[in-house]
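Following: one structure in structure tokens, then a few remarks.
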Amino acid sequence: MVDLLLGLQWGDEGKGKIVDVLTKNYDIIARFQGGPNAGHTLIFDGNKHVLHTIPSGIFHKTAINIVGNGVVIDPVIFEKELDNLSAYNIDFKSKLLISRKAHLILPTHRLLDAASEISKGKAKIGSTLKGIGPTYMDKTGRNGMRVGDLELSNWKEKYQALTKKHLKMIAFFDVDIQYDIVELETAFFKAVDRLRQLSFIDSEEYLNQAIKNNKNILAEGAQGSLLDIDFGTYPFVTSSNTTAAGACTGLGIAPNKIDEVFGIFKAYTTRVGSGPFPTELFDEDGATMAKVGHEFGATTGRPRRCGWLDLVALKYAVQVNGVTQLNMMKGDVLSGFDTLKVCTSYMYKGNEINHFPYNIDPENVSVKYTEFKGWEEDLTQMESAEQLPENLITYINFIEKELEIPIKIVSVGPDRKQTIFR
């Protein structure tokens with residue numbers, strides 16, 4: 001049985017925390033797409049951990065963690081992640097398995113990313129500059145290097161040929177970008193040596209055998225549905241399929257093997273980087289959300305843009321993913337607001353619509369809100385659904401009714417323990 005967990009907004013919904021909370025129910029946690037542009041933050045026992053490539057089940061004694069074929073891996077960042085976990089005596093050789101079909105991010109992929117973004121000027125998409133886009137471009141262009149190549153005798157020749165090609169492309173962009181290729185390669189080759197000490201697997205075979213043996217698997221998505229290359233707010237999107245379909249292609253499992261789809265959303269909306277955002281706030285309410293919610297990117301540290309909950313976008317994400325149950329995060333951040341607003345429809349080119357249209361740029365879309373009374377109570381110490389304030393219950397019930405999906409988990413703080421099951 002495979003359950004699937006993914007974000008329903010523009011990322012940063014709190015997926016890492018929920019994977020960590022749910023891992024005890026699963027034998028295997030498998031990441032299916034994205035790369036170190038993702039940051040999953042876990043907080044427990046007074047410690048904060050940010051994972052970028054390693055699945056969020058790594059701290060649990062029994063779970064096997066798999067980096068799937070749909071993921072792109074930067075060996076240098078991966079090595080740093082392993083170093084950061086060294087205090088926890090984790091047996092990475094047996095607990096962390098890597099798909100041979102996962103693609104590698106080369107130092108020149110990062111340089112290409114930076115050169116491309118600089119060349120776009122004001123039209124930049126807000127890339128995390130981690131080399132993700134150029135790596136996926138090489139994947140679809142059939143030039144990429146994969147983890148399995150590191151087991152072959154000619155992998156360095158393959159590396160040199162691809163690097164040479166990239167350096168020519170960087171020169172073509174004709175932008176001022178400073179780098180020392182020798183320094184970058186030294187760090188890269190050292191990190192590759194470390195990566196090769198881990199266990200590489202044919203992940204689709206491994207996972208399908210696990211399904212046959214009745215193992216419980218949780219597929220962990222990165223980023224959010226509105227950043228999906230096909231269904232997101234293109235071109236301000238990531239380079240992979242962040243939606244449910246991406247779990248099938250990113251792990252090699254069939255659609256009929258997926259059982260529950262956990263959709264995670266914040267009680268409000270945030271976005272990092274460029275791109276349209278219909279419910280974005282530029283007032284004191286937005287500033288309060290950012291401050292109380294500590295809205296800074298886990299990977300880049302960039303401030304997140306904040307706005308009211310957008311039910312039009314959320315309904316779209318629920319539909320595209322086939323969500324079966326919802327988890328609402330950061331309800332605690334909204335404590336203290338007199339009035340809350342929820343976007344329930346768009347005015348699109350003068351007509352009221354309830355679906356997510358092709359283009360949501362401000363000149364085409366304005367927002368219609370439904371208002372709710374806020375609550376004053378501090379939720380962070382609450383331990384059961386009975387303790388939740390009445391106005392929050394009204395807010396939750398309204399969202400459930402609109403989306404026609406139950407909200408099973410309400411998170412009331414960043415710690416693993418601050419989780420209420422309904």
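Going through the structure tokens in order, the chains are called A, B, and so on, while each chain numbers its residues from 1 and the ligands are numbered from 1 in the order shown.
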Quick one: everything within 10 Å of Gly350 of chain A, counting only C-alpha atoms, minus sequence neighbours fewer than 2 positions away in the same chain. Send it as an NGL selection string.
:A and (346-348 or 352-353 or 364-366)
Ser345 of chain A environment, 9 Å, only C-alpha atoms, sequence neighbours closer than 3 positions dropped, as a PyMOL selection string
chain A and resi 310-312+352-355+366-369
Would you mind listing what lies within 6 Å of Lys330 of chain A as a PyMOL selection string, with only C-alpha atoms counted and same-chain residues fewer than 6 positions away left out?
chain A and resi 266-267+411-412
What would the file look like if the residues just selected were written as a PDB file, in the first residue's frame with N, CA and C atoms?
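As written to disk, result-v3.pdb reads:
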```pdb
ATOM      1  N   LYS A 266      -1.660  25.505   4.283  1.00  0.00           N
ATOM      2  CA  LYS A 266      -1.635  26.456   5.390  1.00  0.00           C
ATOM      3  C   LYS A 266      -3.012  27.082   5.540  1.00  0.00           C
ATOM      4  N   ALA A 267      -3.308  27.554   6.757  1.00  0.00           N
ATOM      5  CA  ALA A 267      -4.583  28.226   7.026  1.00  0.00           C
ATOM      6  C   ALA A 267      -4.663  29.576   6.305  1.00  0.00           C
ATOM      7  N   SER A 411      -2.564  21.423  12.651  1.00  0.00           N
ATOM      8  CA  SER A 411      -1.278  21.676  13.306  1.00  0.00           C
ATOM      9  C   SER A 411      -1.361  23.011  14.048  1.00  0.00           C
ATOM     10  N   VAL A 412      -0.915  23.011  15.311  1.00  0.00           N
ATOM     11  CA  VAL A 412      -1.032  24.226  16.135  1.00  0.00           C
ATOM     12  C   VAL A 412       0.338  24.726  16.601  1.00  0.00           C
TER      13      VAL A 412
END
```
Ser99 of chain A environment, 7 Å, only C-alpha atoms, sequence neighbours closer than 2 positions dropped, as a PyMOL selection string:
chain A and resi 67-69+97+101-102+200-203
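Atom pair atom CA of Leu167 of chain A / atom CA of Pro107 of chain A: separated by 10.5 Å.
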Need the shell around Tyr26 of chain A: protein/DNA/RNA residues with any atom at most 10 Å away, counting only C-alpha atoms. Skip same-chain ones fewer than 5 positions apart. Format as a ChimeraX atom specification?
/A:1-3,19,57,62-64,215-218
Would you mind listing what lies within 12 Å of His103 of chain A as a ChimeraX atom specification, with only C-alpha atoms counted and same-chain residues fewer than 3 positions away left out?
/A:33-35,67-75,98-100,106,109,131-140,142-150,250
How would the residues just chosen look if you wrote them out with C-alpha atoms as an mmCIF file, in the first residue's frame?
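This is the output file out-v5.cif:
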```
data_model
loop_
_atom_site.group_PDB
_atom_site.id
_atom_site.type_symbol
_atom_site.label_atom_id
_atom_site.label_comp_id
_atom_site.auth_asym_id
_atom_site.auth_seq_id
_atom_site.Cartn_x
_atom_site.Cartn_y
_atom_site.Cartn_z
ATOM 1 C CA GLN A 33 10.659 14.640 -7.136
ATOM 2 C CA GLY A 34 12.512 17.921 -6.765
ATOM 3 C CA GLY A 35 15.942 18.458 -5.327
ATOM 4 C CA VAL A 67 15.473 8.988 -2.712
ATOM 5 C CA GLY A 68 13.478 8.139 -5.851
ATOM 6 C CA ASN A 69 14.325 8.337 -9.541
ATOM 7 C CA GLY A 70 12.370 11.604 -9.964
ATOM 8 C CA VAL A 71 14.688 13.450 -7.563
ATOM 9 C CA VAL A 72 17.782 15.409 -8.646
ATOM 10 C CA ILE A 73 20.744 15.195 -6.246
ATOM 11 C CA ASP A 74 23.534 17.664 -5.619
ATOM 12 C CA PRO A 75 26.311 15.544 -4.041
ATOM 13 C CA ILE A 98 19.226 6.032 -3.494
ATOM 14 C CA SER A 99 17.697 5.276 -6.873
ATOM 15 C CA ARG A 100 20.261 4.625 -9.595
ATOM 16 C CA LEU A 106 26.799 19.119 -11.509
ATOM 17 C CA HIS A 109 24.263 23.177 -13.561
ATOM 18 C CA GLY A 131 20.790 24.070 -10.585
ATOM 19 C CA ILE A 132 17.446 22.244 -10.564
ATOM 20 C CA GLY A 133 16.078 23.599 -13.873
ATOM 21 C CA PRO A 134 19.244 22.943 -15.936
ATOM 22 C CA THR A 135 19.484 19.414 -14.471
ATOM 23 C CA TYR A 136 15.909 18.569 -15.472
ATOM 24 C CA MET A 137 16.616 20.146 -18.898
ATOM 25 C CA ASP A 138 19.539 17.753 -19.340
ATOM 26 C CA LYS A 139 17.286 14.911 -18.191
ATOM 27 C CA THR A 140 14.625 15.635 -20.829
ATOM 28 C CA ARG A 142 18.829 13.044 -22.746
ATOM 29 C CA ASN A 143 22.228 14.405 -21.725
ATOM 30 C CA GLY A 144 21.954 13.887 -17.967
ATOM 31 C CA MET A 145 24.220 12.053 -15.556
ATOM 32 C CA ARG A 146 22.554 9.642 -13.158
ATOM 33 C CA VAL A 147 23.534 8.104 -9.844
ATOM 34 C CA GLY A 148 23.948 4.709 -11.535
ATOM 35 C CA ASP A 149 26.612 6.207 -13.827
ATOM 36 C CA LEU A 150 28.886 6.501 -10.772
ATOM 37 C CA GLY A 250 9.109 9.615 -9.697
#
```
Neighbours of segment 384-390 of chain A within 8 Å (only C-alpha atoms; same-chain residues fewer than 5 positions away dropped), as a list in words?
Trp375, Glu377, Leu379, Ile420, Phe421 and Arg422 of chain A
Enter the distance from atom CA of Thr344 of chain A to atom CA of Thr380 of chain A, in Å, rounded to one decimal.
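Value for the atom CA of Thr344 of chain A-atom CA of Thr380 of chain A distance: 27.8 Å.
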Could you please write out, as a PDB file with C-alpha atoms, in the first residue's frame, every residue of segment 75-235 of chain A that DSSP assigns to strand (DSSP E)?
```pdb
ATOM      1  CA  LEU A  96      19.027   5.657   3.228  1.00  0.00           C
ATOM      2  CA  LEU A  97      18.718   4.126  -0.245  1.00  0.00           C
ATOM      3  CA  ILE A  98      19.226   6.032  -3.494  1.00  0.00           C
ATOM      4  CA  SER A  99      17.697   5.276  -6.873  1.00  0.00           C
ATOM      5  CA  HIS A 103      19.894  12.536 -11.848  1.00  0.00           C
ATOM      6  CA  LEU A 104      22.968  14.354 -10.534  1.00  0.00           C
ATOM      7  CA  SER A 199      23.453   2.041  -1.088  1.00  0.00           C
ATOM      8  CA  PHE A 200      22.267   2.505  -4.679  1.00  0.00           C
ATOM      9  CA  ILE A 201      19.153   0.549  -5.675  1.00  0.00           C
ATOM     10  CA  ILE A 217       4.979   3.180   1.947  1.00  0.00           C
ATOM     11  CA  LEU A 218       4.591   6.941   2.221  1.00  0.00           C
ATOM     12  CA  ALA A 219       5.534   8.909  -0.891  1.00  0.00           C
ATOM     13  CA  GLU A 220       6.805  12.358   0.127  1.00  0.00           C
ATOM     14  CA  GLY A 221       6.411  15.279  -2.277  1.00  0.00           C
ATOM     15  CA  ALA A 222       8.466  18.463  -2.281  1.00  0.00           C
ATOM     16  CA  GLN A 223       7.374  22.034  -3.092  1.00  0.00           C
ATOM     17  CA  GLY A 224       3.654  22.477  -3.825  1.00  0.00           C
TER      18      GLY A 224
END
```
Pick the closest to Phe356 of chain A from A:Phe231, A:Phe172, A:Tyr88, A:Phe59: which is it, counting only C-alpha atoms?
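Closest candidate: A:Phe231.
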Distance criterion (only C-alpha atoms): nearest to Ala114 of chain A out of A:Leu82, A:Ile177, A:Leu226, A:Asn89:
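Of all the options, A:Ile177 lies closest to Ala114 of chain A.
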Across A:Ala244, A:Phe189, A:Cys306, A:Val342, the smallest distance to Gln160 of chain A, with only C-alpha atoms counted, is shown by A:Phe189
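One finds atom CA of Thr41 of chain A at 27.0 Å from atom CA of Asp193 of chain A.
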Within segment 70-259 of chain A, find each residue whose DSSP state, derived from the backbone, is alpha helix (DSSP H), and express the selection as a PyMOL selection string.
chain A and resi 75-84+92-95+107-120+132-140+155-173+181-195+203-212+244-251
Residue nearest Thr242 of chain A - candidates A:Glu13, A:Asp230, A:Glu404, A:Glu81, atoms counted: only C-alpha atoms:
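Using only C-alpha atoms, the shortest distance to Thr242 of chain A belongs to A:Asp230.
Nearest to His40 of chain A of all the residues A:Pro414, A:Ile258, A:Asp338, A:Leu195 is A:Pro414, counting only C-alpha atoms.
Residue nearest Ile405 of chain A within the list A:Thr324, A:Asn213, A:Thr23, A:Ser86: A:Thr324 [criterion: smallest interatomic distance, only C-alpha atoms].
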